[in-house]
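Below is one structure; the comments refer to it alone.
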Amino acid sequence: MSDRIESALEACQDAALGVAEWPLALQSLCEALGAVSGCLRTRTRPNPFSRRHDDVCGVDSTEHAGFSQLWLERVPGIGDPRFNAGERSAGARVVIFEDQVISSEVRARHPFYTQVAGPGGRDWWASVLFEVDGNRWRFPLFRDARRGRFEQVEEEVLRSVAPGLARAVRVAGWVLDLAAGSILDAFDLIGEAALVLDDAGAVLAMNASAAALMGDALRVKNRRLCAAERPNGETLRALVARAAMGVAEVTPTVLLTRKGRPWLKVDAMPFTGRSHDLFGAGRVLLRL
């Protein structure tokens with residue numbers, strides 16, 4: 001492994017610890033491997049890189065964001081043959097090269113290459129596969145026509161980055177869990193009940209104060225926060241839905257009535273910016 005690759009993997013570790021930016025670190029690794037850009041992807045949710053408005057679960061290098069946007073705009077209508085082919089044929093391999101799974105005939109006739117890969121300058125592809133806690137991840141790398149295809153002689157170098165990437169992704173998950181847990185614990189210290197929900201309204205975490213409030217009037221069922229009384233349930237769902245879309249309201253608060261007990265005030269705060277990064281798949285902080 002070259003000094004440049006080792007330095008780039010160290011930058012990924014720094015990004016996992018929150019002291020560097022993932023897109024920059026990933027771009028430096030891509031360039032050290034002779035690629036123009038790349039990304040990290042998984043189908044596992046939640047994960048440290050979950051994004052709100054699409055099904056992409058991962059992070060792009062700085063130079064890959066534009067191609068990702070082009071891919072999202074055009075691929076739903078035409079498909080991406082190398083994406084599914086790589087998944088199907090992976091087996092126990094750590095590195096997959098495009099010409100191992102895509103024939104020259106497909107490259108010549110499939111609209112993906114003429115409408116997405118070519119115009120986007122991502123003509124050639126290779127992917128490094130690794131696992132984190134039993135979940136599959138991939139590190140697709142891309143080259144333009146000028147740089148040409150990835151060659152078999154590069155397999156050992158590409159394979160060598162898999163353990164470092166797996167370690168960085170694992171650490172990123174730990175750091176986010178610790179940070180999110182610390183914030184929820186801080187609410188406990190001031191006697192505030194707090195929960196973190198994802199963009200579908202599922203409960204990802206709650207502190208002890210929130211758990212103590214759960215009962216007949218308000219409970220978690222199938223990971224959803226439910227209110228026993230119908231009007232309360234509808235009001236709560238509407239509040240969470242608006243906050244999950246990042247809608248900032250002047251009064252993001254509702255009051256839930258409870259028979260024989262004081263009403264319960266619910267505040268919703270959408271996660272944006274750095275707080276979005278901190279809570280990963282979390283989209284809404286609820287205070288009860």
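Residues in the structure tokens are named by chain (A, B, ... in the order shown) and by number from 1 within that chain; ligands are numbered from 1 in the order shown.
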Practice prompt. Just list the residues in stretch 32-163 of chain A DSSP gives strand (DSSP E or B) on the backbone, as a ChimeraX atom specification.
Written response: /A:37-42,50,57-60,95-97,124-132,135-143
Discussion item. Taking 5 positions as the minimum chain separation for residues in the same chain, which residues sit within 9 Å of A:Arg147 when counting only C-alpha atoms? Answer as a list in words.
Written reply: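 The neighbour list is Gly34, Ala35, Val36 and Trp124 of chain A.
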Fill in: Minimum-distance residue to A:Ala11, chosen among A:Gly164, A:Gly201, A:Pro262, A:Gly58 (using only C-alpha atoms)
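Answer, going by the shortest atom-to-atom distance: A:Gly164.
Nearest residue to A:Val106, choosing from A:Gly233, A:Gly282, A:Pro81, A:Pro119 and counting only C-alpha atoms: A:Pro81.
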Discussion item. If we count only C-alpha atoms and set the cut-off at 12 Å, which residues sit around A:Gly18, ignoring sequence neighbours fewer than 5 positions away in its own chain? Please answer as a PyMOL selection string.
Written reply: chain A and resi 11-13+25+48+168-169+171-176+179+274+277-278
Discussion item. Which residues are close to A:Trp125, i.e. within 8 Å by only C-alpha atoms, leaving aside same-chain residues fewer than 6 positions away? Reply as an MDAnalysis selection string.
Written reply: chainID A and resid 97:98 140:143 149:150
Item to complete: For A:Leu204, list every protein, DNA or RNA residue within 12 Å, evaluated using only C-alpha atoms, and leave out those in the same chain fewer than 3 positions away; present the list as a list of chain:residue names.
Response: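 My list of contacting residues is A:Arg45, A:Pro46, A:Asn47, A:Asp177, A:Ala180, A:Gly181, A:Leu184, A:Ala194, A:Leu195, A:Val196, A:Leu197, A:Asp198, A:Asp199, A:Ala200, A:Gly201, A:Asn207, A:Val220, A:Asn222, A:Arg223, A:Arg224, A:Leu225, A:Phe279, A:Gly280, A:Ala281, A:Gly282, A:Arg283, A:Val284, A:Leu285, A:Leu286.
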Please run DSSP on the backbone and report, as a compact mmCIF listing (two decimals) with N, CA and C atoms, in the first residue's frame, all residues within stretch 122-241 of chain A that come out as alpha helix (DSSP H).
# COMPACT_ATOMS: atom_id res chain seq x y z
N GLU A 155 -5.99 -5.45 -8.61
CA GLU A 155 -6.87 -6.08 -7.62
C GLU A 155 -6.26 -6.08 -6.22
N GLU A 156 -4.97 -6.39 -6.11
CA GLU A 156 -4.36 -6.47 -4.78
C GLU A 156 -4.41 -5.12 -4.07
N VAL A 157 -4.15 -4.04 -4.80
CA VAL A 157 -4.18 -2.71 -4.20
C VAL A 157 -5.61 -2.36 -3.77
N LEU A 158 -6.58 -2.63 -4.62
CA LEU A 158 -7.97 -2.33 -4.27
C LEU A 158 -8.42 -3.17 -3.08
N ARG A 159 -8.02 -4.42 -3.07
CA ARG A 159 -8.39 -5.31 -1.96
C ARG A 159 -7.82 -4.78 -0.63
N SER A 160 -6.66 -4.16 -0.70
CA SER A 160 -5.98 -3.73 0.54
C SER A 160 -6.72 -2.64 1.29
N ALA A 162 -10.03 -2.50 1.76
CA ALA A 162 -11.28 -2.98 2.35
C ALA A 162 -11.25 -2.99 3.88
N PRO A 163 -10.21 -3.54 4.52
CA PRO A 163 -10.23 -3.55 6.00
C PRO A 163 -10.26 -2.15 6.61
N GLY A 164 -9.51 -1.21 6.03
CA GLY A 164 -9.50 0.15 6.56
C GLY A 164 -10.84 0.84 6.41
N LEU A 165 -11.51 0.62 5.28
CA LEU A 165 -12.84 1.21 5.09
C LEU A 165 -13.85 0.60 6.04
N ALA A 166 -13.79 -0.72 6.22
CA ALA A 166 -14.71 -1.37 7.15
C ALA A 166 -14.52 -0.83 8.56
N ARG A 167 -13.28 -0.64 8.95
CA ARG A 167 -13.01 -0.11 10.29
C ARG A 167 -13.56 1.30 10.43
N ALA A 168 -13.36 2.14 9.41
CA ALA A 168 -13.83 3.53 9.47
C ALA A 168 -15.35 3.60 9.55
N VAL A 169 -16.05 2.78 8.75
CA VAL A 169 -17.52 2.78 8.77
C VAL A 169 -18.02 2.29 10.13
N ARG A 170 -17.38 1.26 10.67
CA ARG A 170 -17.78 0.75 11.98
C ARG A 170 -17.60 1.82 13.06
N VAL A 171 -16.46 2.51 13.03
CA VAL A 171 -16.20 3.56 14.01
C VAL A 171 -17.21 4.70 13.85
N ALA A 172 -17.55 5.05 12.61
CA ALA A 172 -18.53 6.11 12.38
C ALA A 172 -19.86 5.77 13.05
N GLY A 173 -20.27 4.51 12.94
CA GLY A 173 -21.50 4.10 13.60
C GLY A 173 -21.41 4.21 15.11
N TRP A 174 -20.27 3.79 15.67
CA TRP A 174 -20.08 3.88 17.12
C TRP A 174 -20.13 5.34 17.59
N VAL A 175 -19.42 6.19 16.87
CA VAL A 175 -19.33 7.60 17.27
C VAL A 175 -20.71 8.25 17.25
N LEU A 176 -21.47 7.98 16.19
CA LEU A 176 -22.81 8.57 16.10
C LEU A 176 -23.72 8.04 17.20
N ASP A 177 -23.63 6.75 17.48
CA ASP A 177 -24.46 6.19 18.56
C ASP A 177 -24.10 6.83 19.90
N LEU A 178 -22.81 6.99 20.16
CA LEU A 178 -22.38 7.58 21.43
C LEU A 178 -22.82 9.03 21.54
N ALA A 179 -22.65 9.78 20.44
CA ALA A 179 -23.01 11.20 20.47
C ALA A 179 -24.51 11.38 20.65
N ALA A 180 -25.29 10.60 19.89
CA ALA A 180 -26.74 10.71 20.00
C ALA A 180 -27.20 10.30 21.40
N GLY A 181 -26.60 9.21 21.92
CA GLY A 181 -26.96 8.78 23.26
C GLY A 181 -26.62 9.81 24.31
N SER A 182 -25.49 10.50 24.13
CA SER A 182 -25.09 11.52 25.10
C SER A 182 -26.08 12.68 25.12
N ILE A 183 -26.58 13.05 23.95
CA ILE A 183 -27.55 14.15 23.90
C ILE A 183 -28.85 13.75 24.58
N LEU A 184 -29.31 12.52 24.32
CA LEU A 184 -30.53 12.06 24.98
C LEU A 184 -30.33 11.98 26.50
N ASP A 185 -29.15 11.54 26.92
CA ASP A 185 -28.85 11.50 28.35
C ASP A 185 -28.85 12.90 28.96
N ALA A 186 -28.38 13.88 28.19
CA ALA A 186 -28.36 15.27 28.69
C ALA A 186 -29.78 15.77 28.95
N PHE A 187 -30.73 15.37 28.10
CA PHE A 187 -32.13 15.73 28.35
C PHE A 187 -32.62 15.09 29.65
N ASP A 188 -32.17 13.87 29.91
CA ASP A 188 -32.54 13.22 31.17
C ASP A 188 -32.09 14.05 32.37
N LEU A 189 -30.91 14.63 32.27
CA LEU A 189 -30.35 15.38 33.40
C LEU A 189 -31.20 16.59 33.75
N ALA A 208 -34.45 7.69 29.27
CA ALA A 208 -35.18 7.06 30.37
C ALA A 208 -36.43 7.85 30.73
N SER A 209 -36.37 9.16 30.63
CA SER A 209 -37.54 9.98 30.96
C SER A 209 -38.69 9.71 30.00
N ALA A 210 -38.37 9.52 28.72
CA ALA A 210 -39.40 9.20 27.74
C ALA A 210 -39.97 7.81 27.99
N ALA A 211 -39.10 6.87 28.30
CA ALA A 211 -39.57 5.51 28.56
C ALA A 211 -40.53 5.49 29.74
N ALA A 212 -40.29 6.36 30.74
CA ALA A 212 -41.15 6.40 31.93
C ALA A 212 -42.53 6.94 31.61
N LEU A 213 -42.66 7.71 30.50
CA LEU A 213 -43.96 8.27 30.12
C LEU A 213 -44.81 7.30 29.32
N ARG A 230 -57.81 8.60 19.21
CA ARG A 230 -57.65 8.86 17.77
C ARG A 230 -57.24 10.30 17.44
N PRO A 231 -57.90 11.32 17.99
CA PRO A 231 -57.46 12.69 17.65
C PRO A 231 -56.01 12.93 18.01
N ASN A 232 -55.58 12.40 19.14
CA ASN A 232 -54.18 12.55 19.54
C ASN A 232 -53.24 11.88 18.54
N GLY A 233 -53.63 10.68 18.10
CA GLY A 233 -52.80 9.95 17.16
C GLY A 233 -52.64 10.68 15.84
N GLU A 234 -53.74 11.22 15.32
CA GLU A 234 -53.68 11.95 14.06
C GLU A 234 -52.83 13.22 14.19
N THR A 235 -52.99 13.92 15.30
CA THR A 235 -52.22 15.13 15.55
C THR A 235 -50.74 14.82 15.64
N LEU A 236 -50.40 13.75 16.33
CA LEU A 236 -49.01 13.37 16.51
C LEU A 236 -48.37 12.96 15.19
N ARG A 237 -49.08 12.18 14.38
CA ARG A 237 -48.55 11.75 13.08
C ARG A 237 -48.31 12.94 12.17
N ALA A 238 -49.22 13.90 12.18
CA ALA A 238 -49.06 15.08 11.32
C ALA A 238 -47.84 15.91 11.75
N LEU A 239 -47.65 16.04 13.06
CA LEU A 239 -46.51 16.79 13.57
C LEU A 239 -45.20 16.13 13.15
N VAL A 240 -45.11 14.82 13.32
CA VAL A 240 -43.89 14.08 12.97
C VAL A 240 -43.63 14.14 11.47
N ALA A 241 -44.69 13.99 10.66
CA ALA A 241 -44.53 14.00 9.21
C ALA A 241 -43.96 15.34 8.73
Discussion item. What's the separation between atom CA of A:Cys226 and atom CA of A:Pro270, in Å to one decimal place?
Written reply: 19.1 Å
Discussion item. Using only C-alpha atoms for the distances, tell me which of A:Arg122, A:Arg82, A:His64, A:Lys259 is nearest to A:Gln27.
Written reply: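 Answer, going by the shortest atom-to-atom distance: A:His64.
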Item to complete: One decimal, Å: what's the distance from atom CA of A:Ser61 over to atom CA of A:Leu129, could you say?
Response: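 About the pair atom CA of A:Ser61 and atom CA of A:Leu129: they are 16.9 Å apart.
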Discussion item. Just checking: using only C-alpha atoms, which residue out of A:Gly38, A:Pro23, A:Gly246, A:Gly79 ends up closest to A:Asp144?
Written reply: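 When distances to A:Asp144 are compared using only C-alpha atoms, the smallest one comes from A:Gly38.
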